[in-house]
$ cat final-v6.pdb   # PDB, C-alpha atoms, pLDDT in the B column
MODEL        1
ATOM      1  CA  MET A  11       7.102 -73.412 -33.686  1.00 89.00           C
ATOM      2  CA  LEU A  12       8.985 -71.841 -30.756  1.00 93.00           C
ATOM      3  CA  HIS A  13       7.851 -72.439 -27.170  1.00 95.00           C
ATOM      4  CA  VAL A  14       9.068 -71.097 -23.836  1.00 97.00           C
ATOM      5  CA  ILE A  15       9.666 -73.450 -20.918  1.00 97.00           C
ATOM      6  CA  ALA A  16      10.076 -71.804 -17.507  1.00 96.00           C
ATOM      7  CA  ASP A  17       8.910 -74.780 -15.413  1.00 96.00           C
ATOM      8  CA  GLN A  18      11.829 -75.494 -13.081  1.00 96.00           C
ATOM      9  CA  LYS A  19      11.175 -79.233 -13.033  1.00 97.00           C
ATOM     10  CA  TYR A  20      13.131 -79.227 -16.324  1.00 96.00           C
ATOM     11  CA  ALA A  21      16.034 -77.253 -14.814  1.00 96.00           C
ATOM     12  CA  PRO A  22      18.485 -80.206 -14.755  1.00 96.00           C
ATOM     13  CA  ILE A  23      18.054 -80.710 -18.503  1.00 96.00           C
ATOM     14  CA  PHE A  24      18.637 -77.043 -19.285  1.00 97.00           C
ATOM     15  CA  ARG A  25      21.489 -76.779 -16.750  1.00 97.00           C
ATOM     16  CA  ASP A  26      23.339 -79.579 -18.555  1.00 97.00           C
ATOM     17  CA  TRP A  27      22.532 -78.069 -21.969  1.00 97.00           C
ATOM     18  CA  ILE A  28      23.936 -74.630 -21.093  1.00 97.00           C
ATOM     19  CA  ALA A  29      26.969 -76.154 -19.347  1.00 96.00           C
ATOM     20  CA  GLU A  30      27.946 -77.863 -22.628  1.00 96.00           C
ATOM     21  CA  ARG A  31      27.962 -74.492 -24.401  1.00 95.00           C
ATOM     22  CA  LEU A  32      29.468 -72.156 -21.787  1.00 92.00           C
ATOM     23  CA  PRO A  33      32.885 -73.400 -20.650  1.00 85.00           C
ATOM     24  CA  TYR A  34      32.907 -71.051 -17.657  1.00 85.00           C
ATOM     25  CA  TRP A  35      29.402 -72.036 -16.507  1.00 88.00           C
ATOM     26  CA  HIS A  36      28.814 -72.670 -12.810  1.00 90.00           C
ATOM     27  CA  ASP A  37      25.469 -73.414 -11.177  1.00 93.00           C
ATOM     28  CA  ASP A  38      25.496 -72.826  -7.432  1.00 90.00           C
ATOM     29  CA  GLY A  39      22.218 -74.712  -6.991  1.00 93.00           C
ATOM     30  CA  THR A  40      19.987 -71.620  -6.979  1.00 95.00           C
ATOM     31  CA  THR A  41      19.972 -70.944 -10.724  1.00 97.00           C
ATOM     32  CA  LYS A  42      16.637 -70.767 -12.542  1.00 98.00           C
ATOM     33  CA  TYR A  43      16.422 -71.753 -16.209  1.00 98.00           C
ATOM     34  CA  ILE A  44      14.197 -70.551 -19.023  1.00 98.00           C
ATOM     35  CA  ALA A  45      14.433 -72.291 -22.373  1.00 98.00           C
ATOM     36  CA  SER A  46      13.387 -71.654 -25.916  1.00 97.00           C
ATOM     37  CA  VAL A  47      12.485 -74.906 -27.637  1.00 96.00           C
ATOM     38  CA  LEU A  48      11.614 -75.537 -31.240  1.00 94.00           C
ATOM     39  CA  GLU A  49       8.891 -78.012 -32.077  1.00 90.00           C
ATOM     40  CA  VAL A  50       9.018 -79.493 -35.568  1.00 88.00           C
ATOM     41  CA  ASP A  51       7.036 -82.558 -36.623  1.00 90.00           C
ATOM     42  CA  GLY A  52       6.381 -83.534 -33.000  1.00 89.00           C
ATOM     43  CA  LYS A  53      10.062 -83.352 -32.029  1.00 92.00           C
ATOM     44  CA  VAL A  54      11.207 -80.793 -29.449  1.00 92.00           C
ATOM     45  CA  GLU A  55      14.722 -79.378 -29.592  1.00 94.00           C
ATOM     46  CA  THR A  56      16.327 -76.876 -27.215  1.00 96.00           C
ATOM     47  CA  VAL A  57      17.612 -73.889 -29.188  1.00 97.00           C
ATOM     48  CA  GLY A  58      18.345 -71.365 -26.408  1.00 96.00           C
ATOM     49  CA  VAL A  59      18.589 -71.195 -22.630  1.00 98.00           C
ATOM     50  CA  SER A  60      18.816 -68.299 -20.193  1.00 98.00           C
ATOM     51  CA  ALA A  61      20.100 -68.956 -16.695  1.00 98.00           C
ATOM     52  CA  LEU A  62      19.264 -66.556 -13.879  1.00 98.00           C
ATOM     53  CA  GLY A  63      21.539 -66.766 -10.857  1.00 96.00           C
ATOM     54  CA  ARG A  64      23.889 -64.991  -8.485  1.00 96.00           C
ATOM     55  CA  TRP A  65      20.834 -63.834  -6.600  1.00 97.00           C
ATOM     56  CA  THR A  66      20.965 -60.973  -4.125  1.00 97.00           C
ATOM     57  CA  LYS A  67      18.063 -59.391  -2.299  1.00 98.00           C
ATOM     58  CA  THR A  68      17.443 -57.005  -5.211  1.00 98.00           C
ATOM     59  CA  ALA A  69      19.340 -58.320  -8.241  1.00 98.00           C
ATOM     60  CA  CYS A  70      20.371 -61.296 -10.338  1.00 98.00           C
ATOM     61  CA  GLU A  71      22.704 -62.087 -13.201  1.00 97.00           C
ATOM     62  CA  ALA A  72      21.619 -63.575 -16.522  1.00 97.00           C
ATOM     63  CA  ASN A  73      23.661 -65.858 -18.741  1.00 96.00           C
ATOM     64  CA  ALA A  74      22.480 -67.243 -22.037  1.00 95.00           C
ATOM     65  CA  ALA A  75      23.503 -69.653 -24.763  1.00 95.00           C
ATOM     66  CA  SER A  76      22.051 -70.752 -28.079  1.00 94.00           C
ATOM     67  CA  ASP A  77      22.511 -73.789 -30.260  1.00 94.00           C
ATOM     68  CA  GLY A  78      24.488 -71.652 -32.723  1.00 90.00           C
ATOM     69  CA  SER A  79      22.204 -72.367 -35.656  1.00 90.00           C
ATOM     70  CA  LYS A  80      21.081 -69.710 -38.125  1.00 87.00           C
ATOM     71  CA  ARG A  81      17.382 -70.432 -37.448  1.00 86.00           C
ATOM     72  CA  GLN A  82      15.232 -68.320 -35.144  1.00 88.00           C
ATOM     73  CA  LYS A  83      15.976 -69.190 -31.534  1.00 90.00           C
ATOM     74  CA  ILE A  84      14.132 -66.573 -29.523  1.00 92.00           C
ATOM     75  CA  ASP A  85      11.014 -64.477 -29.886  1.00 94.00           C
ATOM     76  CA  ARG A  86       9.191 -61.741 -27.980  1.00 95.00           C
ATOM     77  CA  GLN A  87       7.520 -64.299 -25.675  1.00 96.00           C
ATOM     78  CA  TYR A  88      10.902 -65.736 -24.678  1.00 96.00           C
ATOM     79  CA  ILE A  89      12.544 -62.346 -24.090  1.00 97.00           C
ATOM     80  CA  TRP A  90       9.571 -61.119 -22.070  1.00 97.00           C
ATOM     81  CA  SER A  91       9.523 -64.369 -20.049  1.00 97.00           C
ATOM     82  CA  VAL A  92      13.167 -64.024 -18.977  1.00 98.00           C
ATOM     83  CA  PHE A  93      12.659 -60.456 -17.757  1.00 98.00           C
ATOM     84  CA  ASP A  94       9.290 -61.312 -16.201  1.00 97.00           C
ATOM     85  CA  TYR A  95      10.814 -64.194 -14.254  1.00 97.00           C
ATOM     86  CA  ALA A  96      13.572 -62.035 -12.772  1.00 98.00           C
ATOM     87  CA  PHE A  97      11.530 -58.920 -12.111  1.00 98.00           C
ATOM     88  CA  ASN A  98       8.028 -60.176 -11.349  1.00 97.00           C
ATOM     89  CA  VAL A  99       8.312 -63.821 -10.285  1.00 97.00           C
ATOM     90  CA  GLU A 100      11.514 -63.371  -8.247  1.00 97.00           C
ATOM     91  CA  GLY A 101      10.840 -59.714  -7.379  1.00 98.00           C
ATOM     92  CA  LYS A 102      14.264 -58.361  -8.343  1.00 98.00           C
ATOM     93  CA  ASN A 103      14.941 -54.749  -9.343  1.00 98.00           C
ATOM     94  CA  CYS A 104      18.113 -55.165 -11.405  1.00 98.00           C
ATOM     95  CA  MET A 105      19.511 -57.736 -13.836  1.00 98.00           C
ATOM     96  CA  THR A 106      23.126 -57.823 -14.972  1.00 98.00           C
ATOM     97  CA  THR A 107      24.936 -59.637 -17.760  1.00 98.00           C
ATOM     98  CA  ARG A 108      28.590 -60.073 -18.650  1.00 96.00           C
ATOM     99  CA  VAL A 109      29.673 -60.502 -22.241  1.00 96.00           C
ATOM    100  CA  ALA A 110      33.112 -61.204 -23.684  1.00 95.00           C
ATOM    101  CA  THR A 111      34.447 -58.145 -25.517  1.00 97.00           C
ATOM    102  CA  ASP A 112      34.958 -60.213 -28.679  1.00 96.00           C
ATOM    103  CA  ASN A 113      31.378 -61.613 -28.707  1.00 94.00           C
ATOM    104  CA  HIS A 114      29.988 -58.971 -31.066  1.00 95.00           C
ATOM    105  CA  LYS A 115      26.562 -60.585 -31.558  1.00 92.00           C
ATOM    106  CA  SER A 116      25.917 -60.811 -27.828  1.00 94.00           C
ATOM    107  CA  LEU A 117      27.171 -57.272 -27.243  1.00 97.00           C
ATOM    108  CA  ALA A 118      24.704 -55.969 -29.844  1.00 96.00           C
ATOM    109  CA  LEU A 119      21.916 -58.095 -28.352  1.00 95.00           C
ATOM    110  CA  GLN A 120      22.405 -56.573 -24.892  1.00 97.00           C
ATOM    111  CA  GLU A 121      21.840 -53.093 -26.275  1.00 95.00           C
ATOM    112  CA  LEU A 122      18.848 -54.254 -28.340  1.00 96.00           C
ATOM    113  CA  LEU A 123      17.316 -55.690 -25.159  1.00 97.00           C
ATOM    114  CA  GLY A 124      17.719 -52.369 -23.356  1.00 97.00           C
ATOM    115  CA  PHE A 125      20.701 -53.166 -21.152  1.00 98.00           C
ATOM    116  CA  LYS A 126      23.082 -50.291 -20.402  1.00 98.00           C
ATOM    117  CA  LYS A 127      26.849 -50.728 -20.526  1.00 98.00           C
ATOM    118  CA  VAL A 128      28.204 -50.279 -17.004  1.00 98.00           C
ATOM    119  CA  GLY A 129      31.902 -50.928 -17.620  1.00 98.00           C
ATOM    120  CA  VAL A 130      34.631 -53.346 -18.639  1.00 98.00           C
ATOM    121  CA  ILE A 131      35.984 -56.049 -16.344  1.00 98.00           C
ATOM    122  CA  GLU A 132      39.570 -56.742 -17.350  1.00 97.00           C
ATOM    123  CA  GLY A 133      40.632 -60.384 -17.395  1.00 97.00           C
ATOM    124  CA  TYR A 134      37.173 -61.677 -16.444  1.00 95.00           C
ATOM    125  CA  TYR A 135      37.409 -64.630 -18.853  1.00 93.00           C
ATOM    126  CA  GLY A 136      41.163 -65.112 -18.384  1.00 94.00           C
ATOM    127  CA  GLU A 137      44.392 -63.413 -19.388  1.00 96.00           C
ATOM    128  CA  GLY A 138      43.584 -60.740 -21.980  1.00 95.00           C
ATOM    129  CA  LYS A 139      39.922 -61.800 -22.147  1.00 96.00           C
ATOM    130  CA  ASP A 140      37.807 -58.934 -20.881  1.00 98.00           C
ATOM    131  CA  ALA A 141      34.049 -58.736 -20.277  1.00 97.00           C
ATOM    132  CA  VAL A 142      31.575 -55.908 -20.659  1.00 98.00           C
ATOM    133  CA  LEU A 143      29.212 -55.552 -17.712  1.00 98.00           C
ATOM    134  CA  PHE A 144      25.621 -54.593 -18.578  1.00 98.00           C
ATOM    135  CA  ALA A 145      22.638 -53.826 -16.333  1.00 98.00           C
ATOM    136  CA  ILE A 146      18.929 -53.094 -16.642  1.00 98.00           C
ATOM    137  CA  THR A 147      16.410 -52.162 -13.968  1.00 98.00           C
ATOM    138  CA  LYS A 148      12.827 -53.342 -13.741  1.00 98.00           C
ATOM    139  CA  GLN A 149      11.616 -49.816 -14.583  1.00 98.00           C
ATOM    140  CA  GLN A 150      13.903 -49.587 -17.634  1.00 98.00           C
ATOM    141  CA  TRP A 151      12.558 -52.941 -18.836  1.00 98.00           C
ATOM    142  CA  GLN A 152       8.931 -51.899 -18.289  1.00 97.00           C
ATOM    143  CA  ASP A 153       9.501 -48.603 -20.121  1.00 97.00           C
ATOM    144  CA  GLY A 154      11.408 -50.243 -22.984  1.00 96.00           C
ATOM    145  CA  LYS A 155      10.303 -52.103 -26.086  1.00 94.00           C
ATOM    146  CA  TRP A 156      10.399 -55.516 -24.321  1.00 95.00           C
ATOM    147  CA  GLY A 157       8.309 -54.558 -21.285  1.00 95.00           C
ATOM    148  CA  SER A 158       5.171 -55.862 -22.950  1.00 94.00           C
ATOM    149  CA  LEU A 159       4.198 -58.927 -24.927  1.00 92.00           C
ATOM    150  CA  GLU A 160       2.906 -56.534 -27.587  1.00 89.00           C
ATOM    151  CA  ALA A 161       5.402 -54.992 -30.034  1.00 79.00           C
ATOM    152  CA  GLN A 162       5.963 -51.302 -29.291  1.00 65.00           C
ATOM    153  CA  GLY A 163       5.835 -49.655 -32.707  1.00 58.00           C
ATOM    154  CA  ASP A 164       9.206 -50.585 -34.152  1.00 51.00           C
ATOM    155  CA  SER A 165      10.173 -53.947 -35.523  1.00 47.00           C
ATOM    156  CA  GLU A 166      12.101 -56.473 -33.461  1.00 45.00           C
TER     157      GLU A 166
ENDMDL
END

$ encode --input "final-v6.pdb" --output "structure tokens"
Amino acid sequence: MLHVIADQKYAPIFRDWIAERLPYWHDDGTTKYIASVLEVDGKVETVGVSALGRWTKTACEANAASDGSKRQKIDRQYIWSVFDYAFNVEGKNCMTTRVATDNHKSLALQELLGFKKVGVIEGYYGEGKDAVLFAITKQQWQDGKWGSLEAQGDSE
């Protein structure tokens, strides 16, 4: 069974977990972590982590990593919790993400989540390694299919 952990007392565990999976990862000490954990036979395993950071007065940036397995790693509760934390708990109006142009699964996920493509940042991940910049506002999230814990008509 999947569970969401947003309690920041576990942040050091999730910070280290995401750092192992994202070679460019940097935590400036203000990052907040939300994890998706899988509980099977009493054992808990981290399967996905979202990190919210680069805070401004009105915005933040999200980064995410998964364990790479084929099993389910996130659910509606997890997705809603990440947006809720940024927009309602932290009171931000905009969330951005940056995705490598060759990371096709993550690019598709951004659009599924309601993010809008803002542009391409050339060389963001190094020579010849560009990133796509995405953004979503609080209102876009609330009006979209993930703005509620209840499914909005179409399947996830």

$ resolve_selection --input "final-v6.pdb" --expression "the PyMOL selection byres ((chain A and resi 43) around 9)" --output "PyMOL selection string"
chain A and resi 15-18+20-22+24-25+41-42+44-45+59-63+92

$ closest_atom_pairs --input "final-v6.pdb" --of "stretch 32-117 of chain A" --to "stretch 138-157 of chain A" --cutoff "10 Å" --atoms "all atoms listed in the file" --output "Markdown table"
| residue | atom | partner | partner_atom | distance |
| --- | --- | --- | --- | --- |
| A:Ala69 | CA | A:Thr147 | CA | 8.9 |
| A:Cys70 | CA | A:Ala145 | CA | 9.8 |
| A:Glu71 | CA | A:Ala145 | CA | 8.8 |
| A:Ala72 | CA | A:Ala145 | CA | 9.8 |
| A:Arg86 | CA | A:Trp156 | CA | 7.3 |
| A:Gln87 | CA | A:Trp156 | CA | 9.3 |
| A:Ile89 | CA | A:Trp156 | CA | 7.2 |
| A:Trp90 | CA | A:Trp156 | CA | 6.1 |
| A:Ser91 | CA | A:Trp156 | CA | 9.9 |
| A:Phe93 | CA | A:Trp151 | CA | 7.6 |
| A:Asp94 | CA | A:Gly157 | CA | 8.5 |
| A:Ala96 | CA | A:Lys148 | CA | 8.8 |
| A:Phe97 | CA | A:Lys148 | CA | 6.0 |
| A:Asn98 | CA | A:Lys148 | CA | 8.7 |
| A:Gly101 | CA | A:Lys148 | CA | 9.2 |
| A:Lys102 | CA | A:Lys148 | CA | 7.5 |
| A:Asn103 | CA | A:Lys148 | CA | 5.1 |
| A:Cys104 | CA | A:Thr147 | CA | 4.3 |
| A:Met105 | CA | A:Ile146 | CA | 5.5 |
| A:Thr106 | CA | A:Ala145 | CA | 4.3 |
| A:Thr107 | CA | A:Phe144 | CA | 5.2 |
| A:Arg108 | CA | A:Leu143 | CA | 4.7 |
| A:Val109 | CA | A:Ala141 | CA | 5.1 |
| A:Ala110 | CA | A:Ala141 | CA | 4.3 |
| A:Thr111 | CA | A:Ala141 | CA | 5.3 |
| A:Asp112 | CA | A:Lys139 | CA | 8.4 |
| A:Asn113 | CA | A:Ala141 | CA | 9.3 |
| A:Leu117 | CA | A:Val142 | CA | 8.0 |

$ atom_distance --input "final-v6.pdb" --atom1 "atom CA of A:Ile23" --atom2 "atom CA of A:Gly124"
28.8 Å

$ resolve_selection --input "final-v6.pdb" --expression "the PyMOL selection byres ((chain A and resi 32) around 12)" --output "list in words"
Arg25, Asp26, Trp27, Ile28, Ala29, Glu30, Arg31, Pro33, Tyr34, Trp35, His36, Asp37, Val59, Ser60, Ala61, Asn73, Ala74, Ala75, Ser76, Asp77, Val109, Ala110 and Tyr135 of chain A

$ residues_around --input "final-v6.pdb" --residues "A:Val47" --least-positions-apart "3" --cutoff "7 Å" --atoms "only C-alpha atoms" --output "list of chain:residue names"
A:Leu12, A:His13, A:Val14, A:Val54, A:Glu55, A:Thr56, A:Val57, A:Gly58

$ decode --input "final-v6.pdb" --residues "stretch 37-79 of chain A" --atoms "N, CA and C atoms" --output "compact mmCIF listing (two decimals), in the first residue's frame"
# COMPACT_ATOMS: atom_id res chain seq x y z
N ASP A 37 20.66 20.84 -2.21
CA ASP A 37 19.72 21.30 -1.18
C ASP A 37 20.37 22.48 -0.47
N ASP A 38 19.72 23.63 -0.55
CA ASP A 38 20.28 24.83 0.07
C ASP A 38 19.89 24.97 1.55
N GLY A 39 19.25 23.95 2.09
CA GLY A 39 18.86 23.98 3.50
C GLY A 39 17.42 24.41 3.72
N THR A 40 16.74 24.86 2.66
CA THR A 40 15.34 25.28 2.80
C THR A 40 14.38 24.32 2.10
N THR A 41 14.91 23.29 1.48
CA THR A 41 14.08 22.36 0.71
C THR A 41 13.15 21.57 1.61
N LYS A 42 11.92 21.38 1.13
CA LYS A 42 10.93 20.55 1.81
C LYS A 42 10.73 19.29 0.98
N TYR A 43 10.56 18.16 1.65
CA TYR A 43 10.47 16.87 0.97
C TYR A 43 9.13 16.19 1.23
N ILE A 44 8.60 15.60 0.18
CA ILE A 44 7.38 14.80 0.28
C ILE A 44 7.69 13.47 -0.39
N ALA A 45 7.40 12.38 0.32
CA ALA A 45 7.77 11.07 -0.19
C ALA A 45 6.57 10.17 -0.37
N SER A 46 6.72 9.29 -1.33
CA SER A 46 5.77 8.21 -1.54
C SER A 46 6.48 6.94 -1.08
N VAL A 47 5.89 6.26 -0.11
CA VAL A 47 6.50 5.04 0.40
C VAL A 47 5.53 3.88 0.22
N LEU A 48 6.11 2.74 -0.03
CA LEU A 48 5.34 1.52 -0.24
C LEU A 48 5.51 0.63 0.98
N GLU A 49 4.37 0.22 1.53
CA GLU A 49 4.40 -0.68 2.68
C GLU A 49 3.94 -2.06 2.22
N VAL A 50 4.83 -3.03 2.39
CA VAL A 50 4.53 -4.42 2.04
C VAL A 50 5.02 -5.31 3.18
N ASP A 51 4.12 -6.10 3.73
CA ASP A 51 4.46 -7.02 4.81
C ASP A 51 5.20 -6.33 5.96
N GLY A 52 4.75 -5.13 6.32
CA GLY A 52 5.33 -4.42 7.45
C GLY A 52 6.62 -3.69 7.13
N LYS A 53 7.14 -3.84 5.93
CA LYS A 53 8.36 -3.13 5.53
C LYS A 53 7.98 -1.90 4.73
N VAL A 54 8.68 -0.79 4.98
CA VAL A 54 8.41 0.47 4.28
C VAL A 54 9.61 0.79 3.39
N GLU A 55 9.31 1.07 2.12
CA GLU A 55 10.35 1.37 1.15
C GLU A 55 10.01 2.67 0.42
N THR A 56 10.96 3.58 0.32
CA THR A 56 10.75 4.81 -0.43
C THR A 56 10.75 4.49 -1.91
N VAL A 57 9.71 4.95 -2.62
CA VAL A 57 9.62 4.69 -4.06
C VAL A 57 9.61 5.97 -4.89
N GLY A 58 9.37 7.12 -4.24
CA GLY A 58 9.41 8.40 -4.95
C GLY A 58 9.53 9.55 -3.97
N VAL A 59 10.22 10.60 -4.39
CA VAL A 59 10.38 11.78 -3.54
C VAL A 59 10.27 13.03 -4.41
N SER A 60 9.52 14.00 -3.92
CA SER A 60 9.48 15.33 -4.52
C SER A 60 10.14 16.29 -3.55
N ALA A 61 10.97 17.18 -4.11
CA ALA A 61 11.67 18.17 -3.32
C ALA A 61 11.23 19.55 -3.78
N LEU A 62 10.75 20.35 -2.86
CA LEU A 62 10.30 21.70 -3.16
C LEU A 62 11.33 22.68 -2.61
N GLY A 63 11.88 23.52 -3.49
CA GLY A 63 12.92 24.44 -3.07
C GLY A 63 12.98 25.66 -3.96
N ARG A 64 14.13 26.34 -3.89
CA ARG A 64 14.32 27.59 -4.62
C ARG A 64 13.14 28.54 -4.39
N TRP A 65 12.84 28.71 -3.12
CA TRP A 65 11.68 29.50 -2.71
C TRP A 65 11.87 30.98 -3.01
N THR A 66 10.82 31.60 -3.52
CA THR A 66 10.74 33.05 -3.59
C THR A 66 9.48 33.43 -2.82
N LYS A 67 9.16 34.70 -2.80
CA LYS A 67 7.97 35.13 -2.08
C LYS A 67 6.70 34.47 -2.64
N THR A 68 6.68 34.21 -3.94
CA THR A 68 5.45 33.71 -4.57
C THR A 68 5.60 32.38 -5.31
N ALA A 69 6.80 31.82 -5.36
CA ALA A 69 7.00 30.62 -6.18
C ALA A 69 7.99 29.65 -5.57
N CYS A 70 8.01 28.45 -6.13
CA CYS A 70 9.01 27.45 -5.76
C CYS A 70 9.27 26.56 -6.97
N GLU A 71 10.31 25.77 -6.86
CA GLU A 71 10.64 24.81 -7.91
C GLU A 71 10.52 23.40 -7.34
N ALA A 72 9.98 22.49 -8.14
CA ALA A 72 9.86 21.10 -7.73
C ALA A 72 10.84 20.24 -8.52
N ASN A 73 11.45 19.30 -7.83
CA ASN A 73 12.26 18.26 -8.43
C ASN A 73 11.73 16.94 -7.90
N ALA A 74 11.86 15.90 -8.69
CA ALA A 74 11.35 14.61 -8.25
C ALA A 74 12.22 13.48 -8.78
N ALA A 75 12.19 12.37 -8.05
CA ALA A 75 12.89 11.16 -8.48
C ALA A 75 12.09 9.97 -8.01
N SER A 76 12.25 8.86 -8.73
CA SER A 76 11.60 7.61 -8.33
C SER A 76 12.67 6.53 -8.21
N ASP A 77 12.25 5.38 -7.71
CA ASP A 77 13.19 4.28 -7.56
C ASP A 77 13.44 3.56 -8.88
N GLY A 78 12.74 3.96 -9.94
CA GLY A 78 12.97 3.38 -11.26
C GLY A 78 12.28 2.06 -11.51
N SER A 79 11.56 1.55 -10.53
CA SER A 79 10.89 0.27 -10.70
C SER A 79 9.65 0.42 -11.58
